>>> print(open('start.tsv').read())   # TSV, C-alpha atoms and all ligand atoms
chain	number	residue	atom	x	y	z
A	1	MET	CA	40.60	-142.79	-131.02
A	2	SER	CA	44.13	-142.92	-129.67
A	3	VAL	CA	45.21	-145.66	-127.32
A	4	ALA	CA	45.36	-143.09	-124.52
A	5	ASP	CA	41.71	-142.20	-125.20
A	6	ASN	CA	40.80	-145.87	-125.17
A	7	ILE	CA	42.51	-146.31	-121.81
A	8	ASP	CA	40.55	-143.38	-120.32
A	9	PHE	CA	37.34	-144.75	-121.76
A	10	ILE	CA	37.97	-148.24	-120.34
A	11	ARG	CA	39.03	-146.86	-116.95
A	12	THR	CA	35.81	-144.87	-116.73
A	13	LYS	CA	33.80	-147.99	-117.48
A	14	ILE	CA	35.77	-149.99	-114.94
A	15	SER	CA	35.08	-147.34	-112.29
A	16	LYS	CA	31.37	-147.26	-113.07
A	17	ALA	CA	31.09	-151.04	-112.96
A	18	ALA	CA	33.03	-151.13	-109.69
A	19	VAL	CA	30.82	-148.45	-108.11
A	20	SER	CA	27.65	-150.27	-109.12
A	21	ALA	CA	29.04	-153.45	-107.57
A	22	ARG	CA	30.13	-151.53	-104.44
A	23	ARG	CA	33.71	-152.42	-105.15
A	24	ASP	CA	36.91	-150.42	-105.17
A	25	ALA	CA	38.08	-149.81	-108.75
A	26	GLU	CA	41.65	-149.88	-107.43
A	27	GLU	CA	41.43	-153.61	-106.87
A	28	ILE	CA	40.78	-154.28	-110.56
A	29	GLU	CA	43.82	-154.80	-112.76
A	30	LEU	CA	43.57	-153.84	-116.41
A	31	VAL	CA	45.63	-156.30	-118.45
A	32	ALA	CA	46.14	-154.87	-121.95
A	33	VAL	CA	46.17	-157.78	-124.38
A	34	SER	CA	48.84	-156.80	-126.88
A	35	LYS	CA	48.94	-159.96	-129.03
A	36	VAL	CA	49.11	-159.19	-132.76
A	37	GLN	CA	49.13	-155.43	-132.13
A	38	SER	CA	51.63	-153.16	-133.82
A	39	ALA	CA	54.70	-151.96	-131.94
A	40	ALA	CA	53.45	-148.40	-132.50
A	41	ARG	CA	50.22	-149.03	-130.62
A	42	ILE	CA	52.04	-150.80	-127.80
A	43	ASP	CA	54.42	-147.84	-127.58
A	44	GLU	CA	51.42	-145.52	-127.30
A	45	ALA	CA	50.19	-147.53	-124.33
A	46	LEU	CA	53.63	-147.42	-122.70
A	47	ALA	CA	53.85	-143.67	-123.33
A	48	ALA	CA	50.47	-143.28	-121.63
A	49	GLY	CA	51.96	-144.99	-118.60
A	50	HIS	CA	50.37	-148.40	-118.97
A	51	ARG	CA	52.56	-151.26	-117.75
A	52	ILE	CA	50.45	-154.42	-117.50
A	53	PHE	CA	50.20	-156.47	-120.69
A	54	GLY	CA	48.90	-159.88	-121.66
A	55	GLU	CA	50.25	-162.09	-124.43
A	56	ASN	CA	49.01	-165.47	-125.57
A	57	ARG	CA	52.09	-166.82	-127.35
A	58	VAL	CA	55.47	-167.21	-125.72
A	59	GLN	CA	57.50	-166.73	-128.90
A	60	GLU	CA	55.61	-163.67	-130.10
A	61	ALA	CA	55.85	-162.16	-126.63
A	62	ALA	CA	59.59	-162.84	-126.43
A	63	ASP	CA	60.15	-161.21	-129.83
A	64	HIS	CA	58.37	-158.07	-128.76
A	65	TRP	CA	59.18	-157.71	-125.08
A	66	THR	CA	62.63	-159.16	-124.39
A	67	ASP	CA	64.58	-156.01	-125.33
A	68	CYS	CA	61.82	-153.64	-124.28
A	69	ARG	CA	61.85	-155.00	-120.72
A	70	ALA	CA	65.08	-153.32	-119.69
A	71	GLN	CA	63.58	-149.95	-120.54
A	72	TYR	CA	60.49	-150.50	-118.38
A	73	PRO	CA	61.50	-152.13	-115.10
A	74	ASP	CA	57.94	-151.90	-113.78
A	75	LEU	CA	56.50	-153.83	-116.71
A	76	LYS	CA	54.23	-156.74	-115.79
A	77	LEU	CA	53.64	-159.39	-118.43
A	78	HIS	CA	50.85	-161.93	-118.10
A	79	LEU	CA	50.82	-165.14	-120.10
A	80	ILE	CA	47.18	-165.67	-121.03
A	81	GLY	CA	47.49	-168.35	-123.74
A	82	PRO	CA	48.05	-172.11	-123.58
A	83	LEU	CA	51.54	-173.11	-122.44
A	84	GLN	CA	53.34	-176.15	-123.87
A	85	THR	CA	55.85	-177.77	-121.55
A	86	ASN	CA	58.67	-177.23	-124.07
A	87	LYS	CA	58.08	-173.46	-123.77
A	88	VAL	CA	58.10	-173.38	-119.97
A	89	LYS	CA	61.73	-172.29	-119.73
A	90	ASP	CA	61.18	-169.26	-121.98
A	91	ALA	CA	57.86	-168.45	-120.34
A	92	VAL	CA	59.34	-168.42	-116.82
A	93	ALA	CA	62.21	-166.26	-118.04
A	94	LEU	CA	59.93	-163.68	-119.65
A	95	PHE	CA	56.58	-163.48	-117.87
A	96	ASP	CA	55.64	-162.13	-114.45
A	97	VAL	CA	52.32	-163.92	-114.09
A	98	ILE	CA	51.22	-167.26	-115.59
A	99	GLU	CA	47.44	-167.29	-115.96
A	100	THR	CA	47.02	-170.56	-117.81
A	101	VAL	CA	48.10	-173.40	-115.54
A	102	ASP	CA	45.71	-176.18	-116.44
A	103	ARG	CA	47.23	-179.64	-116.00
A	104	PRO	CA	49.47	-181.63	-113.63
A	105	LYS	CA	52.30	-181.99	-116.12
A	106	LEU	CA	52.47	-178.23	-116.53
A	107	VAL	CA	52.39	-177.72	-112.76
A	108	GLN	CA	55.42	-179.97	-112.40
A	109	ALA	CA	57.31	-178.38	-115.28
A	110	LEU	CA	56.65	-174.86	-113.98
A	111	ALA	CA	57.63	-175.72	-110.40
A	112	LYS	CA	60.88	-177.27	-111.57
A	113	GLU	CA	61.78	-174.42	-113.90
A	114	MET	CA	60.91	-171.70	-111.38
A	115	GLU	CA	63.16	-173.35	-108.85
A	116	LYS	CA	65.93	-173.49	-111.43
A	117	GLN	CA	65.52	-169.80	-112.27
A	118	GLY	CA	65.03	-168.80	-108.64
A	119	LYS	CA	61.54	-167.42	-109.20
A	120	ASN	CA	58.13	-168.01	-107.75
A	121	LEU	CA	55.77	-166.38	-110.23
A	122	PRO	CA	52.14	-165.77	-109.29
A	123	CYS	CA	49.93	-168.26	-111.13
A	124	PHE	CA	46.28	-168.65	-111.98
A	125	LEU	CA	44.60	-171.96	-112.68
A	126	GLN	CA	42.66	-171.83	-115.93
A	127	VAL	CA	39.26	-173.51	-115.75
A	128	ASN	CA	37.45	-174.77	-118.84
A	129	ILE	CA	34.35	-173.13	-117.48
A	130	GLY	CA	32.00	-174.02	-120.34
A	131	ALA	CA	33.30	-177.60	-120.65
A	132	GLU	CA	34.15	-176.93	-124.29
A	133	GLU	CA	36.05	-179.68	-125.99
A	134	GLN	CA	38.34	-177.41	-128.00
A	135	LYS	CA	39.23	-175.11	-125.11
A	136	ALA	CA	42.19	-175.16	-122.77
A	137	GLY	CA	41.69	-175.20	-119.03
A	138	CYS	CA	41.15	-177.92	-116.50
A	139	ALA	CA	37.72	-179.50	-116.15
A	140	ILE	CA	35.73	-178.13	-113.21
A	141	GLU	CA	35.75	-181.49	-111.47
A	142	GLU	CA	39.53	-181.69	-111.78
A	143	LEU	CA	40.13	-178.31	-110.17
A	144	PRO	CA	40.46	-179.49	-106.54
A	145	ALA	CA	43.11	-182.06	-107.45
A	146	LEU	CA	45.00	-179.63	-109.67
A	147	LEU	CA	45.00	-176.99	-106.95
A	148	GLU	CA	46.26	-179.53	-104.43
A	149	GLU	CA	49.04	-180.57	-106.78
A	150	ALA	CA	50.02	-176.97	-107.49
A	151	LYS	CA	50.19	-176.12	-103.80
A	152	LYS	CA	52.22	-179.22	-103.06
A	153	ALA	CA	54.62	-178.33	-105.85
A	154	GLY	CA	55.05	-174.89	-104.25
A	155	LEU	CA	53.39	-172.79	-106.95
A	156	ASP	CA	52.04	-169.44	-105.81
A	157	VAL	CA	48.43	-169.91	-106.91
A	158	GLN	CA	46.61	-166.61	-106.59
A	159	GLY	CA	43.42	-167.21	-108.46
A	160	LEU	CA	41.38	-168.62	-111.30
A	161	MET	CA	41.09	-167.64	-114.94
A	162	CYS	CA	38.46	-168.49	-117.54
A	163	ILE	CA	37.32	-167.77	-121.07
A	164	PRO	CA	33.56	-168.41	-121.31
A	165	PRO	CA	31.96	-169.82	-124.50
A	166	PHE	CA	31.87	-166.90	-126.91
A	167	ASP	CA	28.38	-167.41	-128.31
A	168	GLU	CA	26.50	-167.32	-125.01
A	169	SER	CA	25.92	-164.92	-122.16
A	170	PRO	CA	29.06	-165.02	-120.00
A	171	VAL	CA	27.12	-164.20	-116.82
A	172	PRO	CA	26.52	-167.74	-115.52
A	173	TYR	CA	30.15	-168.64	-116.28
A	174	PHE	CA	31.54	-165.63	-114.45
A	175	SER	CA	29.30	-166.48	-111.49
A	176	LEU	CA	30.51	-170.04	-111.53
A	177	LEU	CA	34.16	-169.00	-111.55
A	178	ARG	CA	33.54	-166.74	-108.59
A	179	LYS	CA	31.86	-169.60	-106.74
A	180	LEU	CA	34.85	-171.85	-107.42
A	181	GLY	CA	37.22	-169.11	-106.25
A	182	ASN	CA	35.26	-168.67	-103.01
A	183	ARG	CA	35.16	-172.39	-102.42
A	184	HIS	CA	38.94	-172.68	-102.68
A	185	GLN	CA	39.80	-169.34	-101.06
A	186	LEU	CA	41.37	-168.02	-104.23
A	187	ASN	CA	40.81	-164.28	-104.26
A	188	SER	CA	41.91	-163.31	-107.75
A	189	LEU	CA	39.64	-163.87	-110.73
A	190	SER	CA	40.86	-163.20	-114.26
A	191	MET	CA	37.72	-162.91	-116.37
A	192	GLY	CA	36.17	-160.43	-118.77
A	193	MET	CA	37.39	-159.20	-122.16
A	194	SER	CA	36.52	-156.24	-124.42
A	195	GLY	CA	32.88	-157.21	-124.83
A	196	ASP	CA	32.01	-158.23	-121.30
A	197	PHE	CA	34.45	-156.80	-118.76
A	198	GLU	CA	31.81	-154.68	-117.03
A	199	GLN	CA	29.69	-157.74	-116.37
A	200	ALA	CA	32.78	-159.58	-115.16
A	201	ILE	CA	33.59	-156.78	-112.70
A	202	LYS	CA	30.07	-156.86	-111.33
A	203	LEU	CA	30.59	-160.57	-110.73
A	204	GLY	CA	33.93	-160.22	-108.98
A	205	ALA	CA	36.68	-160.02	-111.61
A	206	THR	CA	39.96	-158.72	-110.20
A	207	HIS	CA	41.77	-158.90	-113.56
A	208	VAL	CA	40.18	-158.00	-116.88
A	209	ARG	CA	42.00	-158.88	-120.11
A	210	ILE	CA	41.22	-156.32	-122.76
A	211	GLY	CA	42.60	-156.33	-126.29
A	212	THR	CA	40.54	-154.73	-129.05
A	213	ALA	CA	38.82	-152.12	-126.87
A	214	PHE	CA	42.26	-151.07	-125.66
A	215	PHE	CA	44.31	-151.07	-128.87
A	216	GLY	CA	41.75	-151.20	-131.67
A	217	SER	CA	41.14	-154.24	-133.87
A	218	ARG	CA	43.88	-156.80	-134.37
A	219	GLN	CA	45.44	-156.93	-137.82
A	220	VAL	CA	45.67	-160.56	-138.86
A	301	LIG	C1	42.80	-162.19	-127.12
A	301	LIG	C2	42.44	-162.51	-125.74
A	301	LIG	C3	41.79	-161.55	-124.93
A	301	LIG	C4	41.36	-160.18	-125.42
A	301	LIG	O1	40.26	-160.25	-126.24
A	301	LIG	P1	39.49	-158.91	-126.72
A	301	LIG	O2	38.14	-159.40	-127.07
A	301	LIG	O3	40.27	-158.39	-127.87
A	301	LIG	O4	39.47	-157.97	-125.59
A	301	LIG	C5	41.52	-161.89	-123.61
A	301	LIG	N1	41.86	-163.10	-123.11
A	301	LIG	C6	42.48	-164.04	-123.84
A	301	LIG	C7	42.84	-165.33	-123.22
A	301	LIG	C8	42.78	-163.77	-125.18
A	301	LIG	O5	43.41	-164.72	-125.90
>>> encode(input="start.tsv", output="structure tokens", more="lines below")
Ligand SMILES: *Cc1c(COP(=O)(O)O)cnc(C)c1O
Amino acid sequence: MSVADNIDFIRTKISKAAVSARRDAEEIELVAVSKVQSAARIDEALAAGHRIFGENRVQEAADHWTDCRAQYPDLKLHLIGPLQTNKVKDAVALFDVIETVDRPKLVQALAKEMEKQGKNLPCFLQVNIGAEEQKAGCAIEELPALLEEAKKAGLDVQGLMCIPPFDESPVPYFSLLRKLGNRHQLNSLSMGMSGDFEQAIKLGATHVRIGTAFFGSRQV
């Protein structure tokens, strides 16, 4: 299937999931995760009119998108991978949304750099929703303090993001993220990937991050 076909297929599924949850499909953003995809496939997506992309590495994203940006002024790039403080400058320069704010040091570095570059990028706080040792994201019990710190620093926190444990049903984790969002009046929820975005939409996702179902399998 072509990327354009994949997009139609995913959009249909998004609409169906939204209808069954009595939600408006328009409020769900499809973030196409383009990490490790070929330039040809990404070009197919652009040709089909898609403009919202997610990348998990700053350097890889800069290599692909820096020149391409000028051609597509309405492009919206989401950083969805862990951000080291030494990459904050490049990340703020390149991305439009930072989904992976997960610790006080990063909050401070982002706030400082955004001020320097005269930007105030929308941010999501990433929650380590399954309390997995190897995963990024702030611990659930640290979320209130992190949110407080981010607000104080002037970050535009719009929502929460999570990646549930991959070998379990994501349902309880999606529900938990929604609960946390409600509790803190954060309306945007970035959750759901190729295998589970319909479930995520039924549980309130406003942003789904879809890679393989969008582009085909990643060549590694
Ligand atoms: C790679 C990645 C995705 C996309 O995963 P697929 O299963 O290919 O849809 C979504 N979110 C994050 C954070 C990722 O790193």
>>> residues_around(input="start.tsv", residues="A:Ala25", least_positions_apart="4", cutoff="9 Å", atoms="only C-alpha atoms", output="list of chain:residue names")
A:Arg11, A:Ile14, A:Ser15, A:Lys16, A:Ala17, A:Ala18, A:Val19, A:Glu29
>>> closest_atom_pairs(input="start.tsv", of="chain A", to="ligand LIG 301 (chain A)", cutoff="6 Å", atoms="all atoms listed in the file", output="CSV")
residue,atom,partner,partner_atom,distance
A:Val33,CA,A:LIG301,C4,5.5
A:Asn56,CA,A:LIG301,O5,5.7
A:Ile80,CA,A:LIG301,C7,4.9
A:Gly81,CA,A:LIG301,C7,5.6
A:Met193,CA,A:LIG301,O4,4.2
A:Ser194,CA,A:LIG301,O4,3.6
A:Arg209,CA,A:LIG301,C5,4.6
A:Ile210,CA,A:LIG301,O4,3.7
A:Gly211,CA,A:LIG301,O3,3.5
A:Thr212,CA,A:LIG301,O3,3.9
>>> closest_residue(input="start.tsv", among="A:Ala4, A:Ile10, A:Val36, A:Val58", to="A:Ser217", atoms="all atoms listed in the file")
A:Val36
>>> closest_residue(input="start.tsv", among="A:Val3, A:Ala70, A:Ile140, A:Leu79", to="A:Lys35", atoms="all atoms listed in the file")
A:Leu79
>>> residues_around(input="start.tsv", residues="stretch 117-131 of chain A", least_positions_apart="2", cutoff="7 Å", atoms="only C-alpha atoms", output="list of chain:residue names")
A:Asp96, A:Val97, A:Ile98, A:Glu99, A:Thr100, A:Val101, A:Asp102, A:Glu113, A:Met114, A:Glu115, A:Glu133, A:Lys135, A:Ala136, A:Gly137, A:Cys138, A:Ala139, A:Ile140, A:Leu155, A:Asp156, A:Val157, A:Gln158, A:Gly159, A:Leu160, A:Met161, A:Cys162, A:Pro164, A:Pro165, A:Tyr173
>>> write_last_selection(input="start.tsv", atoms="C-alpha atoms", output="PDB file, in the frame of the given file")
ATOM      1  CA  ASP A  96      55.640-162.130-114.450  1.00  0.00           C
ATOM      2  CA  VAL A  97      52.320-163.920-114.090  1.00  0.00           C
ATOM      3  CA  ILE A  98      51.220-167.260-115.590  1.00  0.00           C
ATOM      4  CA  GLU A  99      47.440-167.290-115.960  1.00  0.00           C
ATOM      5  CA  THR A 100      47.020-170.560-117.810  1.00  0.00           C
ATOM      6  CA  VAL A 101      48.100-173.400-115.540  1.00  0.00           C
ATOM      7  CA  ASP A 102      45.710-176.180-116.440  1.00  0.00           C
ATOM      8  CA  GLU A 113      61.780-174.420-113.900  1.00  0.00           C
ATOM      9  CA  MET A 114      60.910-171.700-111.380  1.00  0.00           C
ATOM     10  CA  GLU A 115      63.160-173.350-108.850  1.00  0.00           C
ATOM     11  CA  GLU A 133      36.050-179.680-125.990  1.00  0.00           C
ATOM     12  CA  LYS A 135      39.230-175.110-125.110  1.00  0.00           C
ATOM     13  CA  ALA A 136      42.190-175.160-122.770  1.00  0.00           C
ATOM     14  CA  GLY A 137      41.690-175.200-119.030  1.00  0.00           C
ATOM     15  CA  CYS A 138      41.150-177.920-116.500  1.00  0.00           C
ATOM     16  CA  ALA A 139      37.720-179.500-116.150  1.00  0.00           C
ATOM     17  CA  ILE A 140      35.730-178.130-113.210  1.00  0.00           C
ATOM     18  CA  LEU A 155      53.390-172.790-106.950  1.00  0.00           C
ATOM     19  CA  ASP A 156      52.040-169.440-105.810  1.00  0.00           C
ATOM     20  CA  VAL A 157      48.430-169.910-106.910  1.00  0.00           C
ATOM     21  CA  GLN A 158      46.610-166.610-106.590  1.00  0.00           C
ATOM     22  CA  GLY A 159      43.420-167.210-108.460  1.00  0.00           C
ATOM     23  CA  LEU A 160      41.380-168.620-111.300  1.00  0.00           C
ATOM     24  CA  MET A 161      41.090-167.640-114.940  1.00  0.00           C
ATOM     25  CA  CYS A 162      38.460-168.490-117.540  1.00  0.00           C
ATOM     26  CA  PRO A 164      33.560-168.410-121.310  1.00  0.00           C
ATOM     27  CA  PRO A 165      31.960-169.820-124.500  1.00  0.00           C
ATOM     28  CA  TYR A 173      30.150-168.640-116.280  1.00  0.00           C
TER      29      TYR A 173
END
>>> decode(input="start.tsv", residues="stretch 66-88 of chain A", atoms="N, CA, C and O atoms", output="short mmCIF file (atom, residue, chain, number, x, y, z; two decimals), in the first residue's frame")
data_model
loop_
_atom_site.label_atom_id
_atom_site.label_comp_id
_atom_site.auth_asym_id
_atom_site.auth_seq_id
_atom_site.Cartn_x
_atom_site.Cartn_y
_atom_site.Cartn_z
N THR A 66 15.77 20.12 8.43
CA THR A 66 16.22 21.51 8.45
C THR A 66 16.01 22.20 7.10
O THR A 66 15.40 23.28 7.04
N ASP A 67 16.46 21.58 6.03
CA ASP A 67 16.32 22.21 4.71
C ASP A 67 14.89 22.15 4.20
O ASP A 67 14.38 23.07 3.58
N CYS A 68 14.26 21.03 4.49
CA CYS A 68 12.90 20.75 4.04
C CYS A 68 11.88 21.75 4.59
O CYS A 68 10.87 22.05 3.96
N ARG A 69 12.19 22.29 5.77
CA ARG A 69 11.26 23.19 6.47
C ARG A 69 10.81 24.37 5.62
O ARG A 69 9.63 24.72 5.58
N ALA A 70 11.80 25.00 4.97
CA ALA A 70 11.53 26.22 4.21
C ALA A 70 10.47 25.99 3.14
O ALA A 70 9.67 26.87 2.82
N GLN A 71 10.48 24.76 2.61
CA GLN A 71 9.55 24.40 1.55
C GLN A 71 8.11 24.21 2.05
O GLN A 71 7.16 24.31 1.29
N TYR A 72 7.99 23.85 3.33
CA TYR A 72 6.68 23.55 3.92
C TYR A 72 6.46 24.39 5.17
O TYR A 72 6.67 23.92 6.28
N PRO A 73 6.05 25.64 4.98
CA PRO A 73 5.91 26.55 6.12
C PRO A 73 4.89 26.08 7.15
O PRO A 73 4.95 26.49 8.31
N ASP A 74 3.96 25.22 6.74
CA ASP A 74 2.94 24.76 7.68
C ASP A 74 3.32 23.44 8.35
O ASP A 74 2.50 22.81 9.02
N LEU A 75 4.57 23.04 8.20
CA LEU A 75 5.05 21.82 8.83
C LEU A 75 5.00 21.95 10.35
O LEU A 75 5.26 23.01 10.89
N LYS A 76 4.65 20.84 11.02
CA LYS A 76 4.64 20.85 12.48
C LYS A 76 5.41 19.63 12.97
O LYS A 76 4.96 18.50 12.78
N LEU A 77 6.55 19.88 13.59
CA LEU A 77 7.40 18.77 14.04
C LEU A 77 7.30 18.57 15.54
O LEU A 77 7.54 19.50 16.32
N HIS A 78 7.00 17.35 15.93
CA HIS A 78 6.92 17.01 17.36
C HIS A 78 8.15 16.21 17.77
O HIS A 78 8.48 15.22 17.11
N LEU A 79 8.78 16.63 18.85
CA LEU A 79 9.84 15.79 19.42
C LEU A 79 9.18 14.79 20.36
O LEU A 79 8.51 15.18 21.33
N ILE A 80 9.36 13.50 20.07
CA ILE A 80 8.69 12.46 20.87
C ILE A 80 9.68 11.54 21.57
O ILE A 80 9.29 10.55 22.18
N GLY A 81 10.99 11.84 21.44
CA GLY A 81 12.01 11.01 22.10
C GLY A 81 12.68 11.78 23.22
O GLY A 81 12.50 13.00 23.34
N PRO A 82 13.44 11.06 24.05
CA PRO A 82 14.12 11.69 25.19
C PRO A 82 15.02 12.84 24.76
O PRO A 82 15.68 12.76 23.73
N LEU A 83 15.03 13.91 25.54
CA LEU A 83 15.82 15.09 25.20
C LEU A 83 16.91 15.32 26.24
O LEU A 83 16.63 15.50 27.42
N GLN A 84 18.16 15.29 25.77
CA GLN A 84 19.30 15.61 26.64
C GLN A 84 19.45 17.12 26.70
O GLN A 84 19.20 17.80 25.70
N THR A 85 19.91 17.63 27.84
CA THR A 85 19.99 19.09 27.96
C THR A 85 20.98 19.69 26.95
O THR A 85 20.81 20.82 26.51
N ASN A 86 22.00 18.93 26.55
CA ASN A 86 22.95 19.50 25.57
C ASN A 86 22.38 19.58 24.15
O ASN A 86 23.01 20.12 23.25
N LYS A 87 21.17 19.02 23.97
CA LYS A 87 20.52 19.11 22.65
C LYS A 87 19.35 20.10 22.65
O LYS A 87 18.63 20.24 21.66
N VAL A 88 19.16 20.76 23.77
CA VAL A 88 17.99 21.64 23.92
C VAL A 88 18.00 22.78 22.90
O VAL A 88 16.98 23.11 22.30
#
